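Chemist: Coordinates in query.cif, mmCIF, C-alpha atoms and all ligand atoms, are listed below.
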data_data
loop_
_atom_site.label_atom_id
_atom_site.label_comp_id
_atom_site.auth_asym_id
_atom_site.auth_seq_id
_atom_site.Cartn_x
_atom_site.Cartn_y
_atom_site.Cartn_z
CA MET O 1 -3.95 14.59 -19.61
CA PRO O 2 -0.91 14.96 -17.32
CA ASN O 3 -0.47 12.37 -14.60
CA GLU O 4 0.74 14.77 -11.97
CA VAL O 5 -1.53 17.24 -10.23
CA ASP O 6 -0.43 20.29 -8.36
CA GLY O 7 -0.11 19.61 -4.66
CA SER O 8 -3.18 21.63 -3.75
CA SER O 9 -5.61 19.24 -5.44
CA GLN O 10 -6.93 16.58 -3.16
CA ALA O 11 -7.01 12.98 -4.21
CA GLY O 12 -7.53 9.49 -2.94
CA ARG O 13 -6.25 6.38 -4.64
CA PHE O 14 -6.22 2.63 -5.06
CA ALA O 15 -2.79 1.11 -5.66
CA PRO O 16 -2.96 -2.59 -6.50
CA SER O 17 0.04 -4.82 -7.13
CA PRO O 18 -0.54 -6.68 -10.41
CA SER O 19 0.48 -10.02 -8.96
CA GLY O 20 -2.83 -11.71 -9.71
CA ASP O 21 -6.55 -11.04 -9.96
CA LEU O 22 -8.25 -8.84 -7.38
CA HIS O 23 -10.26 -10.89 -4.91
CA LEU O 24 -13.40 -9.81 -3.09
CA GLY O 25 -11.38 -8.31 -0.25
CA ASN O 26 -9.32 -6.21 -2.68
CA LEU O 27 -12.48 -5.14 -4.50
CA ARG O 28 -14.04 -4.14 -1.18
CA THR O 29 -10.97 -2.05 -0.32
CA ALA O 30 -11.15 -0.41 -3.76
CA LEU O 31 -14.83 0.37 -3.23
CA LEU O 32 -14.04 1.86 0.17
CA ALA O 33 -11.21 3.98 -1.24
CA TRP O 34 -13.55 5.22 -3.98
CA LEU O 35 -16.30 6.04 -1.44
CA PHE O 36 -13.88 7.85 0.87
CA ALA O 37 -12.56 9.92 -2.06
CA ARG O 38 -15.77 10.64 -3.96
CA SER O 39 -17.81 11.43 -0.83
CA THR O 40 -15.31 14.18 -0.02
CA GLY O 41 -15.12 15.58 -3.55
CA ARG O 42 -11.65 14.22 -4.06
CA ARG O 43 -10.21 12.97 -7.28
CA PHE O 44 -9.66 9.22 -7.37
CA LEU O 45 -6.43 7.90 -8.90
CA LEU O 46 -5.21 4.42 -9.78
CA ARG O 47 -1.59 3.44 -9.44
CA VAL O 48 -0.26 0.08 -10.52
CA GLU O 49 2.52 -0.99 -8.15
CA ASP O 50 4.47 -3.09 -10.59
CA LEU O 51 8.02 -2.91 -9.25
CA ASP O 52 7.68 -6.47 -8.03
CA ARG O 53 5.61 -9.62 -8.58
CA VAL O 54 4.01 -8.86 -11.94
CA ARG O 55 1.78 -11.48 -13.51
CA PRO O 56 1.17 -10.96 -17.23
CA GLY O 57 -2.39 -9.80 -17.91
CA ALA O 58 -3.16 -9.11 -14.26
CA GLU O 59 -3.13 -5.33 -14.60
CA GLU O 60 -5.64 -5.39 -17.47
CA ARG O 61 -7.94 -7.74 -15.57
CA GLN O 62 -7.68 -5.68 -12.39
CA LEU O 63 -8.65 -2.47 -14.18
CA ALA O 64 -11.46 -4.24 -16.06
CA ASP O 65 -12.83 -5.63 -12.78
CA LEU O 66 -12.81 -2.22 -11.11
CA ALA O 67 -14.62 -0.74 -14.11
CA ALA O 68 -17.12 -3.62 -14.12
CA LEU O 69 -18.11 -2.67 -10.57
CA GLY O 70 -18.73 0.85 -11.86
CA LEU O 71 -15.75 2.48 -10.16
CA ASP O 72 -14.29 5.35 -12.14
CA TRP O 73 -10.99 7.15 -11.82
CA ASP O 74 -9.36 10.38 -12.93
CA ASP O 75 -6.36 10.79 -15.18
CA ASP O 76 -4.26 8.10 -16.75
CA VAL O 77 -3.34 5.08 -14.69
CA VAL O 78 0.16 5.50 -13.27
CA ARG O 79 2.66 2.62 -13.28
CA GLN O 80 5.57 2.59 -10.86
CA SER O 81 7.85 0.89 -13.40
CA GLU O 82 7.60 4.09 -15.50
CA ARG O 83 8.61 6.39 -12.65
CA LEU O 84 12.08 5.20 -11.68
CA PRO O 85 13.70 8.65 -12.09
CA LEU O 86 11.37 10.05 -9.42
CA TYR O 87 12.48 7.42 -6.92
CA ASP O 88 16.13 7.92 -7.86
CA ALA O 89 15.79 11.66 -7.24
CA ALA O 90 14.27 11.10 -3.79
CA ILE O 91 17.01 8.63 -2.85
CA ALA O 92 19.69 11.02 -4.10
CA ARG O 93 18.23 13.74 -1.92
CA LEU O 94 18.50 11.56 1.19
CA GLN O 95 22.01 10.50 0.19
CA ARG O 96 23.12 14.12 -0.16
CA ALA O 97 21.73 14.82 3.31
CA GLY O 98 23.79 11.94 4.76
CA ARG O 99 20.62 10.03 5.64
CA THR O 100 21.49 6.70 4.00
CA TYR O 101 23.91 3.82 4.37
CA GLU O 102 24.69 0.62 2.56
CA CYS O 103 23.51 -2.61 4.13
CA PHE O 104 25.19 -5.90 3.33
CA CYS O 105 23.10 -8.10 5.60
CA THR O 106 21.43 -11.21 4.26
CA ARG O 107 17.84 -11.91 5.14
CA ARG O 108 19.00 -14.65 7.46
CA GLU O 109 21.43 -12.38 9.30
CA ILE O 110 18.67 -9.82 9.83
CA LEU O 111 16.26 -12.42 11.17
CA ARG O 112 18.88 -13.78 13.54
CA ALA O 113 19.83 -10.34 14.86
CA ALA O 114 16.21 -9.19 15.06
CA SER O 115 15.26 -12.16 17.22
CA ALA O 116 17.75 -11.14 19.90
CA PRO O 117 16.18 -10.20 23.26
CA HIS O 118 14.89 -6.59 23.41
CA ALA O 119 15.02 -6.08 19.63
CA PRO O 120 11.80 -4.34 18.56
CA ALA O 121 9.66 -6.81 16.61
CA GLY O 122 10.30 -6.71 12.89
CA ALA O 123 12.87 -3.93 13.11
CA TYR O 124 16.25 -3.90 11.41
CA PRO O 125 18.79 -3.98 14.25
CA GLY O 126 21.22 -1.53 12.64
CA THR O 127 24.00 -4.02 11.97
CA CYS O 128 25.53 -2.03 9.07
CA ARG O 129 24.74 1.46 10.41
CA ASP O 130 28.14 2.23 11.83
CA LEU O 131 30.54 0.18 9.73
CA THR O 132 33.95 1.76 9.38
CA PRO O 133 35.07 2.62 5.85
CA ALA O 134 37.43 -0.37 5.98
CA GLN O 135 34.64 -2.75 7.02
CA ARG O 136 32.43 -1.36 4.26
CA GLU O 137 35.16 -1.91 1.67
CA GLU O 138 35.65 -5.45 2.86
CA ARG O 139 31.96 -6.21 2.52
CA ARG O 140 31.74 -4.54 -0.88
CA ALA O 141 34.59 -6.74 -2.05
CA SER O 142 32.54 -9.81 -1.18
CA GLY O 143 30.49 -9.01 -4.28
CA ARG O 144 27.01 -8.91 -2.75
CA PRO O 145 25.28 -5.75 -4.00
CA PRO O 146 24.21 -3.78 -0.94
CA ALA O 147 20.75 -2.48 -0.16
CA LEU O 148 20.47 1.18 0.76
CA ARG O 149 18.82 2.05 4.09
CA LEU O 150 17.51 5.21 5.68
CA ARG O 151 19.45 6.38 8.70
CA SER O 152 16.19 7.01 10.51
CA GLY O 153 17.39 8.28 13.89
CA ILE O 154 14.14 7.34 15.67
CA ASP O 155 12.49 4.14 16.90
CA SER O 156 8.82 4.92 16.49
CA PHE O 157 6.44 7.46 15.01
CA THR O 158 2.75 8.25 15.44
CA VAL O 159 0.20 8.70 12.68
CA GLU O 160 -3.47 9.61 12.84
CA ASP O 161 -5.85 7.16 11.23
CA VAL O 162 -9.50 8.04 10.63
CA LEU O 163 -10.60 4.58 11.79
CA HIS O 164 -7.85 3.63 14.27
CA GLY O 165 -7.12 6.98 15.93
CA SER O 166 -3.53 7.66 16.98
CA TYR O 167 -1.33 4.77 15.97
CA THR O 168 2.30 4.48 17.03
CA GLY O 169 4.51 2.00 15.22
CA THR O 170 8.11 1.02 14.74
CA VAL O 171 10.34 3.07 12.47
CA ASP O 172 13.65 1.36 11.82
CA ASP O 173 16.35 2.01 9.26
CA LEU O 174 14.06 0.94 6.45
CA VAL O 175 15.28 -0.13 3.02
CA LEU O 176 15.10 2.57 0.35
CA ARG O 177 16.63 0.59 -2.50
CA ARG O 178 16.93 -3.16 -2.52
CA GLY O 179 20.16 -4.98 -3.29
CA ASP O 180 18.83 -5.77 -6.77
CA GLY O 181 18.53 -2.03 -7.46
CA ILE O 182 14.72 -1.86 -7.27
CA PRO O 183 13.31 1.01 -5.17
CA ALA O 184 11.67 -0.36 -2.03
CA TYR O 185 7.89 -0.33 -1.65
CA ASN O 186 7.93 2.17 1.24
CA LEU O 187 9.99 4.67 -0.74
CA ALA O 188 7.96 4.37 -3.94
CA VAL O 189 4.62 4.72 -2.14
CA VAL O 190 5.72 7.86 -0.31
CA VAL O 191 7.19 9.49 -3.41
CA ASP O 192 4.17 8.64 -5.56
CA ASP O 193 1.50 9.67 -3.09
CA ALA O 194 3.11 13.09 -2.74
CA ALA O 195 3.85 13.50 -6.47
CA GLN O 196 0.27 12.61 -7.37
CA GLY O 197 -1.22 15.02 -4.83
CA ILE O 198 -2.74 12.16 -2.85
CA ASP O 199 -3.70 13.39 0.60
CA GLN O 200 -5.99 10.49 1.57
CA VAL O 201 -4.71 6.92 1.75
CA VAL O 202 -7.36 4.23 2.17
CA ARG O 203 -6.04 0.66 2.11
CA GLY O 204 -6.12 -2.66 3.93
CA ASP O 205 -5.23 -2.64 7.62
CA ASP O 206 -2.40 -5.11 6.99
CA LEU O 207 -0.50 -1.93 6.04
CA LEU O 208 -1.34 0.03 9.21
CA SER O 209 2.01 -0.94 10.73
CA SER O 210 3.78 0.49 7.65
CA ALA O 211 2.12 3.91 7.98
CA PRO O 212 4.48 5.29 10.68
CA ARG O 213 7.51 4.37 8.55
CA GLN O 214 5.97 5.96 5.49
CA ALA O 215 4.80 9.14 7.22
CA TYR O 216 8.22 9.56 8.81
CA LEU O 217 9.95 8.99 5.48
CA ALA O 218 7.66 11.58 3.86
CA GLY O 219 8.75 14.10 6.49
CA SER O 220 12.40 13.21 5.90
CA LEU O 221 11.89 14.07 2.23
CA GLY O 222 10.10 17.31 3.06
CA LEU O 223 6.83 15.88 1.76
CA PRO O 224 3.41 16.09 3.42
CA ALA O 225 2.03 12.85 4.89
CA PRO O 226 -1.51 11.92 3.84
CA THR O 227 -4.41 11.17 6.16
CA TYR O 228 -4.91 7.44 6.58
CA ALA O 229 -7.89 5.12 6.79
CA HIS O 230 -6.85 1.49 7.15
CA VAL O 231 -9.87 -0.67 6.47
CA PRO O 232 -10.54 -4.22 7.66
CA LEU O 233 -9.44 -7.13 5.51
CA ALA O 234 -11.55 -9.96 4.17
CA LEU O 235 -10.93 -13.32 5.82
CA ASN O 236 -11.94 -16.86 4.94
CA ALA O 237 -14.12 -19.02 7.15
CA ALA O 238 -11.01 -20.20 9.04
CA GLY O 239 -10.13 -16.61 9.92
CA ARG O 240 -7.18 -16.38 7.56
CA ARG O 241 -6.64 -13.74 4.93
CA LEU O 242 -8.78 -14.42 1.87
CA ALA O 243 -6.83 -16.14 -0.91
CA LYS O 244 -7.35 -17.70 -4.29
CA ARG O 245 -7.78 -21.19 -2.87
CA ASP O 246 -10.79 -20.09 -0.82
CA GLY O 247 -13.19 -20.64 -3.69
CA ALA O 248 -15.04 -18.16 -5.89
CA VAL O 249 -13.04 -15.13 -4.79
CA THR O 250 -12.62 -13.17 -8.03
CA LEU O 251 -15.13 -11.48 -10.27
CA ALA O 252 -14.40 -14.12 -12.92
CA ASP O 253 -15.01 -16.92 -10.39
CA GLN O 254 -18.27 -15.26 -9.41
CA ALA O 255 -19.30 -14.89 -13.07
CA ALA O 256 -18.72 -18.61 -13.54
CA LEU O 257 -21.33 -19.15 -10.81
CA GLY O 258 -23.77 -16.88 -12.66
CA ARG O 259 -23.21 -13.87 -10.40
CA THR O 260 -22.92 -10.50 -12.15
CA PRO O 261 -20.72 -7.57 -11.12
CA GLN O 262 -23.92 -5.97 -9.77
CA ASP O 263 -24.44 -9.03 -7.54
CA VAL O 264 -20.88 -8.62 -6.26
CA LEU O 265 -21.40 -4.88 -5.65
CA ASP O 266 -24.53 -5.76 -3.67
CA LEU O 267 -22.57 -8.34 -1.65
CA LEU O 268 -19.83 -5.80 -0.87
CA ALA O 269 -22.42 -3.15 0.03
CA ARG O 270 -24.14 -5.58 2.42
CA SER O 271 -20.79 -6.40 4.00
CA LEU O 272 -20.40 -2.69 4.75
CA GLY O 273 -23.87 -2.33 6.20
CA LEU O 274 -24.86 -0.18 3.21
CA ALA O 275 -27.48 -2.48 1.67
CA ASP O 276 -30.09 -4.93 2.85
CA GLU O 277 -30.34 -8.59 1.94
CA GLY O 278 -31.85 -8.93 -1.53
CA GLU O 279 -31.44 -5.23 -2.31
CA SER O 280 -29.69 -4.04 -5.47
CA VAL O 281 -27.78 -0.78 -5.07
CA SER O 282 -26.01 1.69 -7.32
CA LEU O 283 -22.79 3.48 -6.51
CA SER O 284 -24.63 6.77 -6.24
CA GLN O 285 -26.98 5.24 -3.67
CA LEU O 286 -23.95 4.01 -1.76
CA LEU O 287 -22.50 7.50 -1.82
CA ASP O 288 -25.77 8.85 -0.37
CA ARG O 289 -25.68 6.27 2.42
CA TRP O 290 -21.97 6.55 3.11
CA GLU O 291 -20.87 7.24 6.71
CA PRO O 292 -17.16 6.47 6.97
CA LEU O 293 -17.15 6.12 10.73
CA GLN O 294 -19.90 3.52 10.62
CA ILE O 295 -18.18 0.87 8.58
CA PRO O 296 -17.60 -2.37 10.48
CA LEU O 297 -14.12 -2.38 12.00
CA THR O 298 -13.93 -6.13 12.31
CA PRO O 299 -12.66 -8.25 9.41
CA TRP O 300 -15.21 -9.30 6.85
CA ILE O 301 -15.71 -13.04 6.78
CA ALA O 302 -16.53 -13.50 3.13
CA GLY O 303 -19.09 -16.32 3.11
CA ILE O 304 -18.67 -17.39 -0.49
N1 LIG Y 401 0.33 -2.24 -3.61
C1 LIG Y 401 -0.03 -2.53 -2.25
C2 LIG Y 401 -0.88 -3.78 -2.23
O1 LIG Y 401 -1.48 -4.13 -3.23
C3 LIG Y 401 -0.82 -1.42 -1.62
C4 LIG Y 401 0.03 -0.28 -1.26
C5 LIG Y 401 -0.70 0.88 -0.61
O2 LIG Y 401 -1.93 0.98 -0.74
O3 LIG Y 401 -0.02 1.69 -0.01
O4 LIG Y 401 -0.94 -4.42 -1.19
#
Spell out the structure here as structure tokens.
Ligand code: GLU

Modeler:
Amino acid sequence: MPNEVDGSSQAGRFAPSPSGDLHLGNLRTALLAWLFARSTGRRFLLRVEDLDRVRPGAEERQLADLAALGLDWDDDVVRQSERLPLYDAAIARLQRAGRTYECFCTRREILRAASAPHAPAGAYPGTCRDLTPAQREERRASGRPPALRLRSGIDSFTVEDVLHGSYTGTVDDLVLRRGDGIPAYNLAVVVDDAAQGIDQVVRGDDLLSSAPRQAYLAGSLGLPAPTYAHVPLALNAAGRRLAKRDGAVTLADQAALGRTPQDVLDLLARSLGLADEGESVSLSQLLDRWEPLQIPLTPWIAGI
């Protein structure tokens, strides 16, 4: 079956990075993305974001864990590492339109410049935007391979989020291709979502602040931006983002305690207000009960 769909089909997706096993918070986000997609008759696609931080075996375990919860998906799983020509084509398009420039800054230089008074938080200050050809040559000669940035031309952009309403966030001259030649996350996500016909992006709300950059970049490439639903993260008892060291956070950890995937599905359903204590639920029951605007908007403190 082909991976690409024509743009008129509607689809949601889950796009994990195979940097380790999925924890309960990731599994909850996957369940939410599945519920958002399936409850609206959308196709549901999986994309493995493996341009960075790949741990051997993680992809297989992630897919097996999603399947163990009963989640199903359409088409073949897509891997970003197999789609480099698509990203190259998008970057070439922006280059031809004069919308890119080379950036020679080190991480430290960016941090120093970005901490200057009045610099928007987390934004690239534009150090390399207006280098003269001579300055550019000089920096190239230093041997550091440059990153490629978008000449964005704006400071901020507004997206609509189903759960957060109108959200305005910083858009700086974001990196399109890193100095090591790897396409940047923001570029790959935008290109893939459009190429796969994904019009509904459901993911953790740690990425809400990236949505304005991505929606603006989509527009710059002449691509439609999806609708967004950024869902609350899972936190540990100390209020920090759930992590491996927080105990029995993966399906395998839970299995070692004698808890089945069904037990975990029930736990996730309870955390979403979709099941009662002691109740065992199926995915089709969850679909019947699903009301997207009623999910808790506060982080889930995973009491594990
Ligand atoms: N691969 C990203 C992550 O695992 C998610 C990207 C996205 O959903 O846009 O955090």

Chemist: Show me, as a list in words, the residues that have an atom within 12 Å of His164 (chain O) when counting all atoms listed in the file, minus same-chain residues fewer than 2 positions from it.

Modeler: Thr158, Val159, Glu160, Asp161, Val162, Ser166, Tyr167, Thr168, Asp205, Leu208, Ser209, Ala211, Thr227, Tyr228, Ala229, His230, Val231, Pro232, Leu293, Leu297 and Thr298 of chain O

Chemist: Which residues sit within 9 Å of ligand LIG 401 (chain Y), counting all atoms listed in the file, listed as a count of residues only?

Modeler: 25

Chemist: Between O:Ala275, O:Val281, O:Leu86, O:Leu51, which residue has the minimum interatomic distance to Ala194 (chain O), considering all atoms listed in the file?

Modeler: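 Between O:Ala275, O:Val281, O:Leu86, O:Leu51, the residue approaching Ala194 (chain O) most closely is O:Leu86.
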
Chemist: Using only C-alpha atoms, determine which residues lie at most 8 Å from region 171-176 of chain O, disregarding the query and same-chain residues fewer than 6 positions distant; provide the list as a tab-separated table (two decimals) with C-alpha atoms, in the frame of the given file.

Modeler:
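Output file result_14.tsv is given in full below:
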chain	number	residue	atom	x	y	z
O	91	ILE	CA	17.01	8.63	-2.85
O	123	ALA	CA	12.87	-3.93	13.11
O	124	TYR	CA	16.25	-3.90	11.41
O	125	PRO	CA	18.79	-3.98	14.25
O	126	GLY	CA	21.22	-1.53	12.64
O	147	ALA	CA	20.75	-2.48	-0.16
O	148	LEU	CA	20.47	1.18	0.76
O	149	ARG	CA	18.82	2.05	4.09
O	150	LEU	CA	17.51	5.21	5.68
O	151	ARG	CA	19.45	6.38	8.70
O	152	SER	CA	16.19	7.01	10.51
O	153	GLY	CA	17.39	8.28	13.89
O	154	ILE	CA	14.14	7.34	15.67
O	155	ASP	CA	12.49	4.14	16.90
O	156	SER	CA	8.82	4.92	16.49
O	157	PHE	CA	6.44	7.46	15.01
O	183	PRO	CA	13.31	1.01	-5.17
O	184	ALA	CA	11.67	-0.36	-2.03
O	186	ASN	CA	7.93	2.17	1.24
O	187	LEU	CA	9.99	4.67	-0.74
O	212	PRO	CA	4.48	5.29	10.68
O	213	ARG	CA	7.51	4.37	8.55
O	216	TYR	CA	8.22	9.56	8.81

Chemist: How many Å separate CA of Pro146 (chain O) from CA of Gly179 (chain O)?

Modeler: 4.8 Å

Chemist: Show me, as an MDAnalysis selection string, the residues that have an atom within 9 Å of region 27-41 of chain O when counting only C-alpha atoms, minus same-chain residues fewer than 2 positions from it.

Modeler: chainID O and resid 10:16 22:25 43:44 65:66 69 71:73 200:204 229 231:234 250:251 265 268:269 271:272 283 286:288 290 292

Chemist: Could you state the separation of CA of Gly219 (chain O) and CA of Leu46 (chain O) in Å, given to one decimal place?

Modeler: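 One can read the CA of Gly219 (chain O) to CA of Leu46 (chain O) distance as 23.5 Å.
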
Chemist: Name the residues in contact with Leu223 (chain O) at a cut-off of 12 Å, using all atoms listed in the file, excluding same-chain residues fewer than 3 positions from it; report them as a list in words.

Modeler: Gly7, Ala90, Leu187, Val190, Val191, Asp192, Asp193, Ala194, Ala195, Gln196, Gly197, Ile198, Asp199, Gln214, Ala215, Tyr216, Leu217, Ala218, Gly219, Ser220 and Pro226 of chain O

Chemist: Considering all atoms listed in the file, state which residue in the set O:Gly239, O:Pro85, O:Gly20, O:Gly247 is at the smallest distance from Pro56 (chain O).

Modeler: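 Answer, going by the shortest atom-to-atom distance: O:Gly20.
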
Chemist: Quick one: pull the distance between CA of Thr260 (chain O) and CA of Ile295 (chain O), Å, one decimal.

Modeler: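 The value is 24.1 Å.
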
Chemist: Find the residues around Arg93 (chain O) up to 10 Å (only C-alpha atoms counted), leave out those fewer than 6 positions away in its own chain, and share them as a PyMOL selection string.

Modeler: chain O and resi 87+99-100+220-221

Chemist: Measuring between all atoms listed in the file, which one of O:Ala58, O:Leu63, O:Ala68, O:Val77 shows the shortest distance to Asp263 (chain O)?

Modeler: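 Of all the options, O:Ala68 lies closest to Asp263 (chain O).
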
Chemist: Find, counting all atoms listed in the file, the residue in O:Ala116, O:Ala255, O:Leu111, O:Cys105 that gets nearest to Leu131 (chain O).

Modeler: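 Comparing O:Ala116, O:Ala255, O:Leu111, O:Cys105 against Leu131 (chain O), the winner is O:Cys105.
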
Chemist: Using only C-alpha atoms, can you tell me which of O:Ala252, O:Ala243, O:Ala89, O:Leu274 comes closest to Ala302 (chain O)?

Modeler: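 Closest to Ala302 (chain O) of all the choices is O:Ala243.
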
Chemist: Looking at only C-alpha atoms, which of O:Thr127, O:Leu267, O:Gly258, O:Ala92 is the one that sits closest to Glu109 (chain O)?

Modeler: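 Comparing O:Thr127, O:Leu267, O:Gly258, O:Ala92 against Glu109 (chain O), the winner is O:Thr127.
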
Chemist: Given the block above, output region 134-142 of chain O with all heavy atoms as an mmCIF file, in the first residue's frame.

Modeler:
data_model
loop_
_atom_site.group_PDB
_atom_site.id
_atom_site.type_symbol
_atom_site.label_atom_id
_atom_site.label_comp_id
_atom_site.auth_asym_id
_atom_site.auth_seq_id
_atom_site.Cartn_x
_atom_site.Cartn_y
_atom_site.Cartn_z
ATOM 1 N N ALA O 134 31.574 38.877 1.866
ATOM 2 C CA ALA O 134 32.947 38.721 2.361
ATOM 3 C C ALA O 134 32.947 38.091 3.758
ATOM 4 O O ALA O 134 33.748 37.187 4.049
ATOM 5 C CB ALA O 134 33.638 40.084 2.399
ATOM 6 N N GLN O 135 32.044 38.540 4.602
ATOM 7 C CA GLN O 135 31.965 37.962 5.956
ATOM 8 C C GLN O 135 31.594 36.474 5.880
ATOM 9 O O GLN O 135 32.102 35.646 6.625
ATOM 10 C CB GLN O 135 30.916 38.712 6.788
ATOM 11 C CG GLN O 135 31.348 40.095 7.208
ATOM 12 C CD GLN O 135 30.186 40.878 7.806
ATOM 13 O OE1 GLN O 135 29.042 40.761 7.371
ATOM 14 N NE2 GLN O 135 30.493 41.698 8.812
ATOM 15 N N ARG O 136 30.692 36.168 4.960
ATOM 16 C CA ARG O 136 30.250 34.776 4.818
ATOM 17 C C ARG O 136 31.431 33.905 4.370
ATOM 18 O O ARG O 136 31.645 32.818 4.903
ATOM 19 C CB ARG O 136 29.099 34.699 3.821
ATOM 20 C CG ARG O 136 28.182 33.530 4.095
ATOM 21 C CD ARG O 136 26.932 33.535 3.243
ATOM 22 N NE ARG O 136 26.182 34.769 3.324
ATOM 23 C CZ ARG O 136 25.867 35.534 2.272
ATOM 24 N NH1 ARG O 136 26.252 35.181 1.056
ATOM 25 N NH2 ARG O 136 25.176 36.627 2.433
ATOM 26 N N GLU O 137 32.193 34.410 3.416
ATOM 27 C CA GLU O 137 33.355 33.660 2.935
ATOM 28 C C GLU O 137 34.341 33.408 4.060
ATOM 29 O O GLU O 137 34.878 32.310 4.216
ATOM 30 C CB GLU O 137 34.064 34.436 1.804
ATOM 31 C CG GLU O 137 33.517 34.163 0.425
ATOM 32 C CD GLU O 137 33.215 32.683 0.180
ATOM 33 O OE1 GLU O 137 34.083 31.838 0.463
ATOM 34 O OE2 GLU O 137 32.094 32.370 -0.270
ATOM 35 N N GLU O 138 34.549 34.449 4.844
ATOM 36 C CA GLU O 138 35.496 34.338 5.961
ATOM 37 C C GLU O 138 35.041 33.244 6.928
ATOM 38 O O GLU O 138 35.825 32.424 7.384
ATOM 39 C CB GLU O 138 35.515 35.694 6.659
ATOM 40 C CG GLU O 138 36.630 35.909 7.643
ATOM 41 C CD GLU O 138 36.423 37.270 8.304
ATOM 42 O OE1 GLU O 138 36.297 38.290 7.574
ATOM 43 O OE2 GLU O 138 36.334 37.288 9.536
ATOM 44 N N ARG O 139 33.766 33.238 7.226
ATOM 45 C CA ARG O 139 33.261 32.234 8.168
ATOM 46 C C ARG O 139 33.290 30.831 7.558
ATOM 47 O O ARG O 139 33.574 29.853 8.230
ATOM 48 C CB ARG O 139 31.863 32.591 8.643
ATOM 49 C CG ARG O 139 31.898 33.717 9.658
ATOM 50 C CD ARG O 139 30.523 34.152 10.056
ATOM 51 N NE ARG O 139 30.508 35.180 11.092
ATOM 52 C CZ ARG O 139 30.970 36.413 10.957
ATOM 53 N NH1 ARG O 139 31.539 36.797 9.835
ATOM 54 N NH2 ARG O 139 30.878 37.277 11.947
ATOM 55 N N ARG O 140 32.982 30.755 6.269
ATOM 56 C CA ARG O 140 33.054 29.441 5.605
ATOM 57 C C ARG O 140 34.469 28.881 5.690
ATOM 58 O O ARG O 140 34.648 27.689 5.914
ATOM 59 C CB ARG O 140 32.683 29.566 4.130
ATOM 60 C CG ARG O 140 31.198 29.545 3.897
ATOM 61 C CD ARG O 140 30.901 29.236 2.438
ATOM 62 N NE ARG O 140 29.512 29.560 2.140
ATOM 63 C CZ ARG O 140 29.117 30.356 1.168
ATOM 64 N NH1 ARG O 140 29.996 30.891 0.352
ATOM 65 N NH2 ARG O 140 27.844 30.626 0.990
ATOM 66 N N ALA O 141 35.436 29.780 5.542
ATOM 67 C CA ALA O 141 36.835 29.348 5.531
ATOM 68 C C ALA O 141 37.250 28.795 6.885
ATOM 69 O O ALA O 141 38.211 28.031 6.986
ATOM 70 C CB ALA O 141 37.730 30.520 5.138
ATOM 71 N N SER O 142 36.509 29.150 7.927
ATOM 72 C CA SER O 142 36.867 28.658 9.261
ATOM 73 C C SER O 142 36.608 27.151 9.373
ATOM 74 O O SER O 142 37.033 26.511 10.330
ATOM 75 C CB SER O 142 36.067 29.398 10.328
ATOM 76 O OG SER O 142 34.751 28.882 10.351
#
